[in-house]
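S.K.: Contents of input_32.cif (mmCIF, C-alpha atoms (C1' of nucleotides)) are given next:
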data_final
#
loop_
_atom_site.label_atom_id
_atom_site.label_comp_id
_atom_site.auth_asym_id
_atom_site.auth_seq_id
_atom_site.Cartn_x
_atom_site.Cartn_y
_atom_site.Cartn_z
CA MET A 1 24.94 169.87 188.56
CA THR A 2 23.72 169.18 192.05
CA SER A 3 22.98 172.66 193.27
CA ALA A 4 23.29 171.57 196.88
CA GLU A 5 27.04 171.05 196.60
CA VAL A 6 29.64 173.76 196.45
CA HIS A 7 30.84 174.31 192.91
CA PRO A 8 34.51 173.71 192.18
CA LYS A 9 34.82 177.32 191.10
CA ASP A 10 33.60 178.52 194.48
CA ARG A 11 35.79 176.08 196.36
CA LEU A 12 38.74 177.30 194.36
CA LEU A 13 38.00 180.95 195.10
CA ALA A 14 37.48 180.26 198.80
CA THR A 15 40.72 178.31 199.04
CA ALA A 16 42.61 180.94 197.09
CA SER A 17 41.29 183.71 199.32
CA ARG A 18 42.40 181.90 202.41
CA LEU A 19 45.88 181.00 201.14
CA PHE A 20 46.64 184.24 199.33
CA TYR A 21 45.77 186.24 202.39
CA ALA A 22 47.53 184.04 204.91
CA GLU A 23 50.75 183.38 203.03
CA GLY A 24 51.05 185.93 200.25
CA ILE A 25 50.18 185.61 196.59
CA HIS A 26 53.48 184.74 194.93
CA ALA A 27 54.17 182.34 197.76
CA VAL A 28 51.18 180.14 196.87
CA GLY A 29 51.54 178.07 193.73
CA VAL A 30 48.90 176.53 191.51
CA GLU A 31 49.76 173.06 192.77
CA ARG A 32 48.96 174.13 196.31
CA LEU A 33 45.68 175.72 195.23
CA VAL A 34 44.31 172.78 193.31
CA THR A 35 45.36 170.29 195.97
CA GLU A 36 43.74 172.12 198.88
CA ALA A 37 40.64 172.99 196.89
CA ALA A 38 40.34 169.36 195.72
CA VAL A 39 40.16 170.55 192.14
CA THR A 40 42.18 169.57 189.08
CA ARG A 41 44.41 171.86 187.11
CA ALA A 42 42.09 171.57 184.14
CA THR A 43 39.18 172.84 186.20
CA PHE A 44 41.32 175.69 187.47
CA TYR A 45 42.16 176.96 184.01
CA ARG A 46 38.65 176.39 182.73
CA HIS A 47 37.34 179.02 185.12
CA TYR A 48 40.33 181.35 185.33
CA PRO A 49 42.47 181.89 182.23
CA THR A 50 45.53 182.72 184.35
CA LYS A 51 46.50 182.80 187.99
CA ASP A 52 46.27 186.59 187.96
CA ASP A 53 42.60 186.31 187.04
CA LEU A 54 42.07 184.28 190.19
CA VAL A 55 43.97 186.89 192.18
CA ALA A 56 41.75 189.62 190.76
CA ALA A 57 38.67 187.55 191.59
CA TYR A 58 39.92 187.08 195.15
CA LEU A 59 40.27 190.82 195.63
CA ALA A 60 36.96 191.59 193.92
CA GLU A 61 35.16 189.15 196.19
CA THR A 62 36.91 190.60 199.24
CA SER A 63 35.85 194.07 198.16
CA ARG A 64 32.26 192.91 197.77
CA GLN A 65 32.20 191.48 201.29
CA ILE A 66 33.67 194.61 202.81
CA ARG A 67 31.19 196.84 200.99
CA GLU A 68 28.40 194.66 202.30
CA ALA A 69 29.69 194.92 205.87
CA VAL A 70 30.24 198.66 205.70
CA ASP A 71 26.87 199.34 204.08
CA ALA A 72 25.16 197.27 206.75
CA ALA A 73 26.99 199.13 209.49
CA ARG A 74 26.03 202.53 208.07
CA ALA A 75 22.42 201.70 207.26
CA GLY A 76 19.92 204.11 208.77
CA LYS A 77 22.43 205.91 210.94
CA PRO A 78 22.96 209.66 211.06
CA PRO A 79 26.24 210.85 209.45
CA ARG A 80 28.33 210.92 212.60
CA GLU A 81 27.44 207.43 213.72
CA ALA A 82 27.61 206.14 210.16
CA LEU A 83 31.15 207.43 209.80
CA ALA A 84 32.25 205.97 213.10
CA ALA A 85 30.58 202.68 212.21
CA ALA A 86 32.32 202.48 208.84
CA LEU A 87 35.70 202.86 210.49
CA ALA A 88 34.75 200.55 213.31
CA VAL A 89 34.38 197.81 210.72
CA VAL A 90 38.02 198.39 209.88
CA GLY A 91 39.08 198.45 213.50
CA ASP A 92 37.20 195.27 214.28
CA ALA A 93 38.83 193.53 211.35
CA THR A 94 42.28 194.19 212.78
CA CYS A 95 41.35 192.22 215.87
CA GLY A 96 40.30 189.11 214.01
CA ASP A 97 42.11 185.88 214.82
CA ASP A 98 43.89 185.44 211.54
CA PHE A 99 44.26 189.09 210.69
CA ARG A 100 47.22 189.69 208.46
CA GLY A 101 46.85 193.27 207.26
CA CYS A 102 44.87 194.72 204.40
CA GLN A 103 44.27 192.38 201.49
CA PHE A 104 44.59 195.25 199.05
CA LEU A 105 47.74 196.82 200.45
CA ASN A 106 49.37 193.41 200.72
CA ALA A 107 48.47 192.61 197.13
CA ALA A 108 49.71 196.00 195.93
CA ALA A 109 53.07 195.22 197.49
CA GLU A 110 53.32 192.20 195.21
CA TYR A 111 52.00 193.90 192.07
CA PRO A 112 54.23 196.87 191.22
CA ASP A 113 52.70 197.61 187.82
CA PRO A 114 50.04 200.30 188.37
CA GLY A 115 48.29 199.30 185.16
CA SER A 116 47.85 195.65 186.03
CA GLN A 117 44.44 194.06 186.39
CA VAL A 118 45.05 193.46 190.07
CA ARG A 119 45.92 197.08 190.77
CA GLN A 120 42.72 198.21 189.08
CA VAL A 121 40.63 196.20 191.50
CA ILE A 122 42.62 197.74 194.34
CA ASP A 123 42.13 201.27 193.03
CA ASP A 124 38.41 200.69 192.64
CA HIS A 125 38.09 199.57 196.22
CA ARG A 126 40.09 202.51 197.54
CA LYS A 127 38.05 205.00 195.53
CA TRP A 128 34.84 203.48 196.84
CA PHE A 129 35.95 203.74 200.46
CA PHE A 130 37.18 207.30 200.04
CA GLU A 131 33.82 208.27 198.57
CA ILE A 132 32.02 206.78 201.56
CA LEU A 133 34.10 208.84 203.94
CA ARG A 134 33.85 212.01 201.88
CA THR A 135 30.09 211.68 201.63
CA GLU A 136 29.63 211.20 205.36
CA ALA A 137 32.03 214.01 206.20
CA ALA A 138 30.12 216.33 203.90
CA ALA A 139 26.77 215.26 205.33
CA LEU A 140 28.21 215.91 208.75
CA GLY A 141 28.88 219.49 207.69
CA HIS A 142 32.65 219.25 207.77
CA PRO A 143 34.11 222.39 206.13
CA GLU A 144 36.58 220.35 204.10
CA PRO A 145 35.16 216.91 203.46
CA ASN A 146 37.93 216.05 201.00
CA HIS A 147 40.67 216.71 203.49
CA ALA A 148 38.77 214.96 206.26
CA ALA A 149 38.26 211.87 204.11
CA ARG A 150 41.93 211.84 203.15
CA VAL A 151 43.00 211.90 206.78
CA LEU A 152 40.61 209.10 207.59
CA VAL A 153 42.01 207.04 204.75
CA LEU A 154 45.51 207.55 206.17
CA LEU A 155 44.29 206.39 209.55
CA ARG A 156 42.55 203.41 208.03
CA ASP A 157 45.58 202.29 206.06
CA GLY A 158 47.80 202.78 209.05
CA ALA A 159 45.45 200.84 211.30
CA LEU A 160 45.27 197.94 208.89
CA HIS A 161 49.01 197.54 208.97
CA GLY A 162 49.59 198.45 212.56
CA GLY A 163 47.01 195.84 213.54
CA GLU A 164 49.27 193.15 212.18
CA LEU A 165 52.65 194.49 213.22
CA ASP A 166 51.73 196.05 216.55
CA ASP A 167 49.11 195.23 219.15
CA ALA A 168 45.71 194.91 217.50
CA GLU A 169 43.54 196.00 220.42
CA THR A 170 45.65 199.09 220.99
CA VAL A 171 45.45 199.98 217.34
CA ARG A 172 41.68 199.66 217.33
CA ALA A 173 41.38 201.95 220.33
CA THR A 174 43.83 204.42 218.82
CA LEU A 175 41.86 204.53 215.59
CA ARG A 176 38.58 205.11 217.42
CA ARG A 177 40.03 207.92 219.53
CA ALA A 178 41.69 209.54 216.52
CA VAL A 179 38.38 209.62 214.68
CA GLU A 180 36.73 211.19 217.71
CA ASP A 181 39.45 213.80 217.87
CA PHE A 182 38.83 214.78 214.28
CA PHE A 183 35.06 214.77 214.65
CA PRO A 184 34.29 215.97 218.17
CA ALA A 185 30.73 215.36 219.23
CA MET B 1 91.68 194.17 197.55
CA THR B 2 91.71 197.51 195.77
CA SER B 3 89.84 199.67 198.21
CA ALA B 4 88.94 202.17 195.49
CA GLU B 5 86.54 199.75 193.81
CA VAL B 6 83.14 198.77 195.06
CA HIS B 7 83.22 195.36 196.67
CA PRO B 8 81.03 192.65 195.17
CA LYS B 9 79.17 192.39 198.45
CA ASP B 10 78.21 196.07 198.30
CA ARG B 11 77.24 195.86 194.65
CA LEU B 12 75.04 192.90 195.49
CA LEU B 13 73.33 194.70 198.35
CA ALA B 14 72.78 197.84 196.29
CA THR B 15 71.31 195.87 193.40
CA ALA B 16 69.15 193.81 195.72
CA SER B 17 67.81 196.94 197.41
CA ARG B 18 66.83 198.45 194.09
CA LEU B 19 65.18 195.34 192.69
CA PHE B 20 63.46 194.13 195.87
CA TYR B 21 61.91 197.54 196.40
CA ALA B 22 60.90 198.14 192.80
CA GLU B 23 59.53 194.71 191.95
CA GLY B 24 58.91 192.85 195.17
CA ILE B 25 61.04 190.28 196.93
CA HIS B 26 59.63 186.96 195.80
CA ALA B 27 59.42 188.35 192.27
CA VAL B 28 63.18 188.81 192.00
CA GLY B 29 65.17 185.62 191.65
CA VAL B 30 68.80 184.92 192.41
CA GLU B 31 69.60 184.75 188.70
CA ARG B 32 68.34 188.32 188.25
CA LEU B 33 70.36 189.52 191.24
CA VAL B 34 73.70 188.06 190.27
CA THR B 35 73.34 189.11 186.64
CA GLU B 36 72.50 192.76 187.37
CA ALA B 37 75.09 193.01 190.13
CA ALA B 38 77.73 191.42 187.88
CA VAL B 39 78.48 188.86 190.54
CA THR B 40 78.59 185.08 190.41
CA ARG B 41 76.34 182.76 192.31
CA ALA B 42 79.31 181.51 194.29
CA THR B 43 80.07 185.04 195.47
CA PHE B 44 76.45 185.55 196.41
CA TYR B 45 76.35 182.56 198.71
CA ARG B 46 79.79 183.29 200.07
CA HIS B 47 78.47 186.52 201.62
CA TYR B 48 74.86 185.59 202.33
CA PRO B 49 74.07 182.03 203.41
CA THR B 50 70.56 182.26 201.97
CA LYS B 51 68.46 184.71 200.00
CA ASP B 52 66.57 185.63 203.15
CA ASP B 53 69.81 186.84 204.70
CA LEU B 54 70.19 189.23 201.80
CA VAL B 55 66.61 190.38 202.29
CA ALA B 56 67.30 191.03 205.97
CA ALA B 57 70.47 192.93 205.05
CA TYR B 58 68.49 195.02 202.56
CA LEU B 59 65.99 196.03 205.23
CA ALA B 60 68.67 196.62 207.85
CA GLU B 61 70.55 198.92 205.51
CA THR B 62 67.34 200.75 204.61
CA SER B 63 66.60 201.20 208.29
CA ARG B 64 70.08 202.59 208.85
CA GLN B 65 69.65 205.17 206.10
CA ILE B 66 66.26 206.27 207.38
CA ARG B 67 67.55 206.64 210.93
CA GLU B 68 70.37 208.76 209.58
CA ALA B 69 67.98 211.00 207.66
CA VAL B 70 65.55 211.36 210.56
CA ASP B 71 68.30 212.04 213.08
CA ALA B 72 69.76 214.71 210.80
CA ALA B 73 66.36 216.32 210.36
CA ARG B 74 65.73 216.43 214.11
CA ALA B 75 69.18 217.57 215.14
CA GLY B 76 69.20 220.66 217.30
CA LYS B 77 65.53 221.44 216.80
CA PRO B 78 63.01 222.06 219.59
CA PRO B 79 60.47 219.24 220.07
CA ARG B 80 57.73 220.68 217.93
CA GLU B 81 59.92 221.32 214.90
CA ALA B 82 61.78 218.07 215.44
CA LEU B 83 58.55 216.11 215.38
CA ALA B 84 57.32 217.86 212.26
CA ALA B 85 60.72 217.33 210.64
CA ALA B 86 60.73 213.61 211.40
CA LEU B 87 57.38 213.18 209.73
CA ALA B 88 58.36 215.49 206.89
CA VAL B 89 61.08 213.00 206.02
CA VAL B 90 58.31 210.45 205.53
CA GLY B 91 56.17 212.84 203.53
CA ASP B 92 59.06 213.80 201.28
CA ALA B 93 59.86 210.16 200.62
CA THR B 94 56.37 209.57 199.24
CA CYS B 95 57.04 212.16 196.56
CA GLY B 96 60.23 210.55 195.27
CA ASP B 97 60.32 209.50 191.63
CA ASP B 98 60.45 205.78 192.16
CA PHE B 99 58.48 205.67 195.38
CA ARG B 100 56.71 202.39 195.82
CA GLY B 101 55.48 202.41 199.39
CA CYS B 102 57.20 201.49 202.61
CA GLN B 103 60.00 198.94 202.30
CA PHE B 104 59.05 197.41 205.62
CA LEU B 105 55.32 197.16 205.08
CA ASN B 106 55.88 195.74 201.62
CA ALA B 107 58.29 193.17 202.97
CA ALA B 108 55.93 192.25 205.80
CA ALA B 109 53.27 191.49 203.21
CA GLU B 110 55.57 188.85 201.75
CA TYR B 111 56.77 187.41 205.06
CA PRO B 112 53.77 186.14 207.05
CA ASP B 113 55.76 184.41 209.76
CA PRO B 114 56.07 186.88 212.65
CA GLY B 115 59.10 185.04 213.97
CA SER B 116 61.13 185.17 210.79
CA GLN B 117 64.43 186.98 210.59
CA VAL B 118 62.96 189.51 208.17
CA ARG B 119 60.07 190.35 210.47
CA GLN B 120 62.46 190.98 213.33
CA VAL B 121 64.25 193.67 211.34
CA ILE B 122 60.88 195.21 210.54
CA ASP B 123 59.78 195.18 214.17
CA ASP B 124 63.04 196.78 215.25
CA HIS B 125 62.59 199.61 212.81
CA ARG B 126 59.01 200.22 213.83
CA LYS B 127 59.88 200.25 217.51
CA TRP B 128 62.65 202.74 216.85
CA PHE B 129 60.36 205.12 214.98
CA PHE B 130 57.64 204.86 217.58
CA GLU B 131 60.16 205.74 220.29
CA ILE B 132 61.25 208.82 218.35
CA LEU B 133 57.67 210.05 218.14
CA ARG B 134 56.87 209.21 221.74
CA THR B 135 59.97 211.00 222.97
CA GLU B 136 59.22 214.15 221.02
CA ALA B 137 55.55 214.13 222.02
CA ALA B 138 56.57 213.81 225.66
CA ALA B 139 59.16 216.57 225.36
CA LEU B 140 56.46 218.69 223.78
CA GLY B 141 54.39 218.24 226.90
CA HIS B 142 51.64 216.18 225.30
CA PRO B 143 49.43 214.75 228.06
CA GLU B 144 49.42 211.31 226.44
CA PRO B 145 52.62 210.83 224.49
CA ASN B 146 51.91 207.14 223.91
CA HIS B 147 48.57 207.80 222.31
CA ALA B 148 49.96 210.69 220.29
CA ALA B 149 52.82 208.57 218.99
CA ARG B 150 50.44 205.78 218.07
CA VAL B 151 48.27 208.14 216.05
CA LEU B 152 51.32 209.50 214.29
CA VAL B 153 52.44 205.98 213.42
CA LEU B 154 49.01 205.32 211.92
CA LEU B 155 49.32 208.47 209.85
CA ARG B 156 52.83 207.54 208.80
CA ASP B 157 51.89 204.05 207.69
CA GLY B 158 48.86 205.37 205.88
CA ALA B 159 50.87 208.04 204.14
CA LEU B 160 53.49 205.58 202.99
CA HIS B 161 50.87 203.50 201.26
CA GLY B 162 48.62 206.29 200.11
CA GLY B 163 51.61 207.92 198.48
CA GLU B 164 51.91 205.03 196.12
CA LEU B 165 48.27 204.28 195.49
CA ASP B 166 46.87 207.81 195.53
CA ASP B 167 48.33 211.18 194.63
CA ALA B 168 51.66 211.65 196.39
CA GLU B 169 51.63 215.44 196.71
CA THR B 170 48.14 215.40 198.15
CA VAL B 171 49.13 212.74 200.64
CA ARG B 172 52.14 214.74 201.76
CA ALA B 173 50.00 217.83 202.33
CA THR B 174 47.36 215.79 204.13
CA LEU B 175 49.96 214.29 206.44
CA ARG B 176 51.43 217.70 207.25
CA ARG B 177 48.03 219.20 208.00
CA ALA B 178 46.99 216.21 210.08
CA VAL B 179 50.11 216.57 212.22
CA GLU B 180 49.37 220.26 212.71
CA ASP B 181 45.82 219.43 213.72
CA PHE B 182 47.08 217.09 216.41
CA PHE B 183 49.78 219.44 217.61
CA PRO B 184 48.42 222.98 217.25
CA ALA B 185 51.04 225.71 217.53
"C1'" DC C 1 108.41 182.37 196.48
"C1'" DC C 2 104.60 180.34 198.21
"C1'" DT C 3 100.17 180.22 200.23
"C1'" DC C 4 95.64 181.01 200.42
"C1'" DA C 5 91.35 183.60 200.37
"C1'" DG C 6 88.09 185.86 197.29
"C1'" DG C 7 86.16 186.32 193.09
"C1'" DG C 8 84.78 184.89 188.16
"C1'" DA C 9 82.56 181.42 185.12
"C1'" DG C 10 79.34 178.15 184.64
"C1'" DA C 11 77.42 173.34 185.06
"C1'" DA C 12 74.31 170.96 187.76
"C1'" DC C 13 70.96 169.68 191.63
"C1'" DG C 14 65.95 168.61 192.81
"C1'" DA C 15 61.96 171.16 193.31
"C1'" DT C 16 58.53 174.08 191.87
"C1'" DC C 17 56.74 177.62 188.84
"C1'" DG C 18 52.49 178.79 185.59
"C1'" DG C 19 50.23 176.54 181.99
"C1'" DT C 20 48.57 172.81 178.43
"C1'" DC C 21 47.25 168.41 177.17
"C1'" DT C 22 44.62 163.78 176.78
"C1'" DT C 23 41.45 160.63 178.66
"C1'" DT C 24 37.55 159.14 181.20
"C1'" DC C 25 33.34 159.63 183.65
"C1'" DT C 26 29.16 161.62 185.33
"C1'" DG C 27 25.17 164.41 185.25
"C1'" DT C 28 21.84 167.45 182.80
"C1'" DC C 29 19.53 168.91 179.08
"C1'" DT C 30 16.86 168.27 174.49
"C1'" DA D 1 18.27 157.97 173.48
"C1'" DG D 2 21.64 160.99 172.29
"C1'" DA D 3 24.42 165.10 172.75
"C1'" DC D 4 27.15 167.81 175.43
"C1'" DA D 5 29.25 170.53 179.29
"C1'" DG D 6 31.79 170.19 183.50
"C1'" DA D 7 34.84 167.95 186.28
"C1'" DA D 8 38.25 164.32 187.84
"C1'" DA D 9 42.92 162.37 187.21
"C1'" DG D 10 47.26 162.97 185.91
"C1'" DA D 11 51.04 163.15 182.44
"C1'" DC D 12 53.64 166.69 180.50
"C1'" DC D 13 55.86 171.28 178.88
"C1'" DG D 14 59.78 174.69 179.24
"C1'" DA D 15 61.24 177.86 182.53
"C1'" DT D 16 62.70 179.30 186.82
"C1'" DC D 17 63.22 178.65 191.79
"C1'" DG D 18 67.06 178.59 195.67
"C1'" DT D 19 71.22 176.18 196.31
"C1'" DT D 20 75.66 173.64 195.69
"C1'" DC D 21 79.39 172.30 193.14
"C1'" DT D 22 84.01 172.23 190.53
"C1'" DC D 23 87.58 174.62 188.21
"C1'" DC D 24 90.50 178.54 187.27
"C1'" DC D 25 92.44 182.97 187.93
"C1'" DT D 26 94.19 186.94 190.40
"C1'" DG D 27 96.19 189.57 194.05
"C1'" DA D 28 97.71 190.44 198.71
"C1'" DG D 29 100.46 188.71 202.94
"C1'" DG D 30 103.81 185.82 204.97
#
What do you get writing this file as structure tokens?

M.R.:
Amino acid sequence: MTSAEVHPKDRLLATASRLFYAEGIHAVGVERLVTEAAVTRATFYRHYPTKDDLVAAYLAETSRQIREAVDAARAGKPPREALAAALAVVGDATCGDDFRGCQFLNAAAEYPDPGSQVRQVIDDHRKWFFEILRTEAAALGHPEPNHAARVLVLLRDGALHGGELDDAETVRATLRRAVEDFFPA
Amino acid sequence: MTSAEVHPKDRLLATASRLFYAEGIHAVGVERLVTEAAVTRATFYRHYPTKDDLVAAYLAETSRQIREAVDAARAGKPPREALAAALAVVGDATCGDDFRGCQFLNAAAEYPDPGSQVRQVIDDHRKWFFEILRTEAAALGHPEPNHAARVLVLLRDGALHGGELDDAETVRATLRRAVEDFFPA
DNA sequence: CCTCAGGGAGAACGATCGGTCTTTCTGTCT
DNA sequence: AGACAGAAAGACCGATCGTTCTCCCTGAGG
């Protein structure tokens, strides 16, 4: 195994992430995935028992990247700036070139069963982000950190969809101002 | 045509609305639709040239019902109550038994092409709701009705997804309190 | 009475779905 | 040298996708 090359498994995951996000999960078939990833069907099923396992892996990897970005943005900052920075990561994402809404909300729309593997990954990610917000709100001395975090989650979810369906720059500015309104300096 | 019976076209639309919302659009095939609606394939394609036309009809009908409900809730109320009532309709919806998020946001997740027929119905609905909020915020004397309406849309979108993925009652209460925070009595 | 549209029943279309299989080859380890 | 895992290539499976077709029956309007 030449470690310099990209492993088929990684190519597959990268391709899946791109296609699932851009076109929807049910809309992308296995044929499409293996062709664009330059991987055979056998290799696909050697690494992922079913397509849903690949979907779960796609969301898990997305979650990992977001946690990395948010942690980096918060690092070393006092609570107020850390909170603003965490939500700024969200706002910035909405303005990306190929932004197409929240990976997790989009996936949830295609996976109705709350007990499915995919939904578990989604729930994990949402719980993590809520905890971040709750922690910062508490550290900031907010009288009701739970309520504050819940409102921020509403704003985040709304921003992630509004960024696709409405004007992204406006949504980012709206989100920033709304956060400031809730946490005046 | 015995006007007392339900026309096949209406049965089809009602069945489609139920299944598309509960299970996702791509996940429900034509076979499923015609079987559960007790309609033949020929009848299906006689009324809707393609499946996407049925999807658009489903969203258009949903939009019509929501406009009806929101208009009824606002009727005759002063701006402040009217605005709260309009958003209460949203909050109440999240607590329904078979709530599974926003029909429009879910559909958008499955229709990436912004120019598609389905996306146009979605955009229409969103523009309508935004106008409602902007109008009421202006009537209420809010200094920046556009910004206020944008924030409320964020909260609405967030609530419609949080209601499915998190606890619905909590989300409803959070939405109500957030609206009060933005529009103190 | 006749026409004709609308609906029911179901076969059939090519394409694609998710998933399994065999075969061959290459590279890495012991 | 020999063993073995991983990957390429592609045939193949039954099922389902969205769509079109023919045939027959019924019921309302002229």

S.K.: Restricting the calculation to all atoms listed in the file, which member of B:Glu31, B:Ala159, B:Arg100, B:Lys77 is positioned closest to Asp113 of chain A?

M.R.: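 Smallest distance to Asp113 of chain A is found for B:Arg100.
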
S.K.: Residues near DG18 of chain C, anyone? I mean within 9 Å using all atoms listed in the file, not counting same-chain ones fewer than 2 positions away, as an MDAnalysis selection string.

M.R.: chainID A and resid 29:30 50:51

S.K.: When the PyMOL selection byres ((chain A) within 12 of (chain C)) is applied to the file above, which residues end up in the set, as a list of chain:residue names?

M.R.: A:Met1, A:Thr2, A:Ser3, A:His26, A:Ala27, A:Val28, A:Gly29, A:Val30, A:Glu31, A:Arg32, A:Arg41, A:Ala42, A:Phe44, A:Tyr45, A:Arg46, A:Tyr48, A:Pro49, A:Thr50, A:Lys51, A:Asp52

S.K.: Quick one, how far is atom C1' of DG10 of chain D from atom CA of Val55 of chain A?

M.R.: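 Between atom C1' of DG10 of chain D and atom CA of Val55 of chain A the gap works out to 24.9 Å.
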
S.K.: With a cut-off of 8 Å, could you pull out the residues of chain A touching chain D and give me the nearest pair of atoms for each, distance in Å to one decimal, using only C-alpha atoms (C1' of nucleotides), ordered by chain and ascending number, as CSV?

M.R.:
residue,atom,partner,partner_atom,distance
A:Val39,CA,D:DA8,C1',7.8
A:Thr40,CA,D:DA8,C1',6.7
A:Thr43,CA,D:DA7,C1',6.5

S.K.: Work out how far apart atom CA of Asp53 of chain B and atom CA of Val90 of chain B are and give it in Å to one decimal.

M.R.: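 Straight-line distance from atom CA of Asp53 of chain B to atom CA of Val90 of chain B works out to 26.3 Å.
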
S.K.: Between chain B and chain A, at 6 Å or less, what are the per-residue closest atom pairs and their distances in Å? Count all atoms listed in the file, order by chain and rising residue number, and return it as JSON lines.

M.R.:
{"residue": "B:Glu23", "atom": "CA", "partner": "A:Pro112", "partner_atom": "CA", "distance": 5.8}
{"residue": "B:Gly24", "atom": "CA", "partner": "A:Glu110", "partner_atom": "CA", "distance": 5.6}
{"residue": "B:Asn106", "atom": "CA", "partner": "A:Ala109", "partner_atom": "CA", "distance": 5.0}
{"residue": "B:Ala109", "atom": "CA", "partner": "A:Asn106", "partner_atom": "CA", "distance": 5.0}
{"residue": "B:Glu110", "atom": "CA", "partner": "A:Gly24", "partner_atom": "CA", "distance": 5.6}
{"residue": "B:Pro112", "atom": "CA", "partner": "A:Glu23", "partner_atom": "CA", "distance": 5.7}
{"residue": "B:Leu154", "atom": "CA", "partner": "A:Gly158", "partner_atom": "CA", "distance": 4.0}
{"residue": "B:Leu155", "atom": "CA", "partner": "A:Leu154", "partner_atom": "CA", "distance": 5.4}
{"residue": "B:Asp157", "atom": "CA", "partner": "A:Gly158", "partner_atom": "CA", "distance": 4.5}
{"residue": "B:Gly158", "atom": "CA", "partner": "A:Leu154", "partner_atom": "CA", "distance": 4.0}
{"residue": "B:Ala159", "atom": "CA", "partner": "A:Leu154", "partner_atom": "CA", "distance": 5.8}

S.K.: Just to be explicit: take each residue in the selection above, keep C-alpha atoms, and write the result as a compact mmCIF listing (two decimals), in the frame of the given file.

M.R.:
# COMPACT_ATOMS: atom_id res chain seq x y z
CA GLU B 23 59.53 194.71 191.95
CA GLY B 24 58.91 192.85 195.17
CA ASN B 106 55.88 195.74 201.62
CA ALA B 109 53.27 191.49 203.21
CA GLU B 110 55.57 188.85 201.75
CA PRO B 112 53.77 186.14 207.05
CA LEU B 154 49.01 205.32 211.92
CA LEU B 155 49.32 208.47 209.85
CA ASP B 157 51.89 204.05 207.69
CA GLY B 158 48.86 205.37 205.88
CA ALA B 159 50.87 208.04 204.14

S.K.: Between atom CA of Ile132 of chain B and atom CA of Leu83 of chain B, what is the distance, to one decimal in Å?

M.R.: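 Straight-line distance from atom CA of Ile132 of chain B to atom CA of Leu83 of chain B works out to 8.3 Å.
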
S.K.: Using the chain letters and numbers from the file, which residues does the PyMOL selection byres ((chain B and resi 87) around 9) grab, as a PyMOL selection string?

M.R.: chain B and resi 70+82-86+88-92+133+152+156+175-176+179

S.K.: Find the residue from A:Ala14, A:Leu54, A:Gln65, A:Ala137 that sits nearest to Glu81 of chain A; use only C-alpha atoms when measuring.

M.R.: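 Looking at the shortest contact to Glu81 of chain A, the residue is A:Ala137.
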
S.K.: Will you give me segment 3-25 of chain C, written with C-alpha atoms (C1' of nucleotides) and laid out as a compact mmCIF listing (two decimals), in the first residue's frame?

M.R.:
# COMPACT_ATOMS: atom_id res chain seq x y z
C1' DT C 3 -70.78 9.38 -28.36
C1' DC C 4 -67.06 10.13 -25.78
C1' DA C 5 -64.35 11.25 -21.71
C1' DG C 6 -62.70 9.34 -17.36
C1' DG C 7 -61.56 5.69 -14.74
C1' DG C 8 -60.16 0.67 -13.69
C1' DA C 9 -56.94 -3.21 -14.59
C1' DG C 10 -52.67 -4.55 -15.75
C1' DA C 11 -48.82 -5.65 -19.06
C1' DA C 12 -44.75 -3.71 -20.57
C1' DC C 13 -40.84 -0.29 -21.44
C1' DG C 14 -35.77 0.80 -20.52
C1' DA C 15 -33.27 2.40 -16.80
C1' DT C 16 -31.60 2.27 -12.38
C1' DC C 17 -31.82 0.74 -7.63
C1' DG C 18 -28.83 -1.63 -3.71
C1' DG C 19 -26.16 -5.62 -3.40
C1' DT C 20 -23.38 -10.11 -4.60
C1' DC C 21 -20.39 -12.69 -7.27
C1' DT C 22 -16.05 -14.44 -9.84
C1' DT C 23 -11.68 -13.53 -11.70
C1' DT C 24 -7.30 -11.39 -12.06
C1' DC C 25 -3.51 -8.64 -10.61
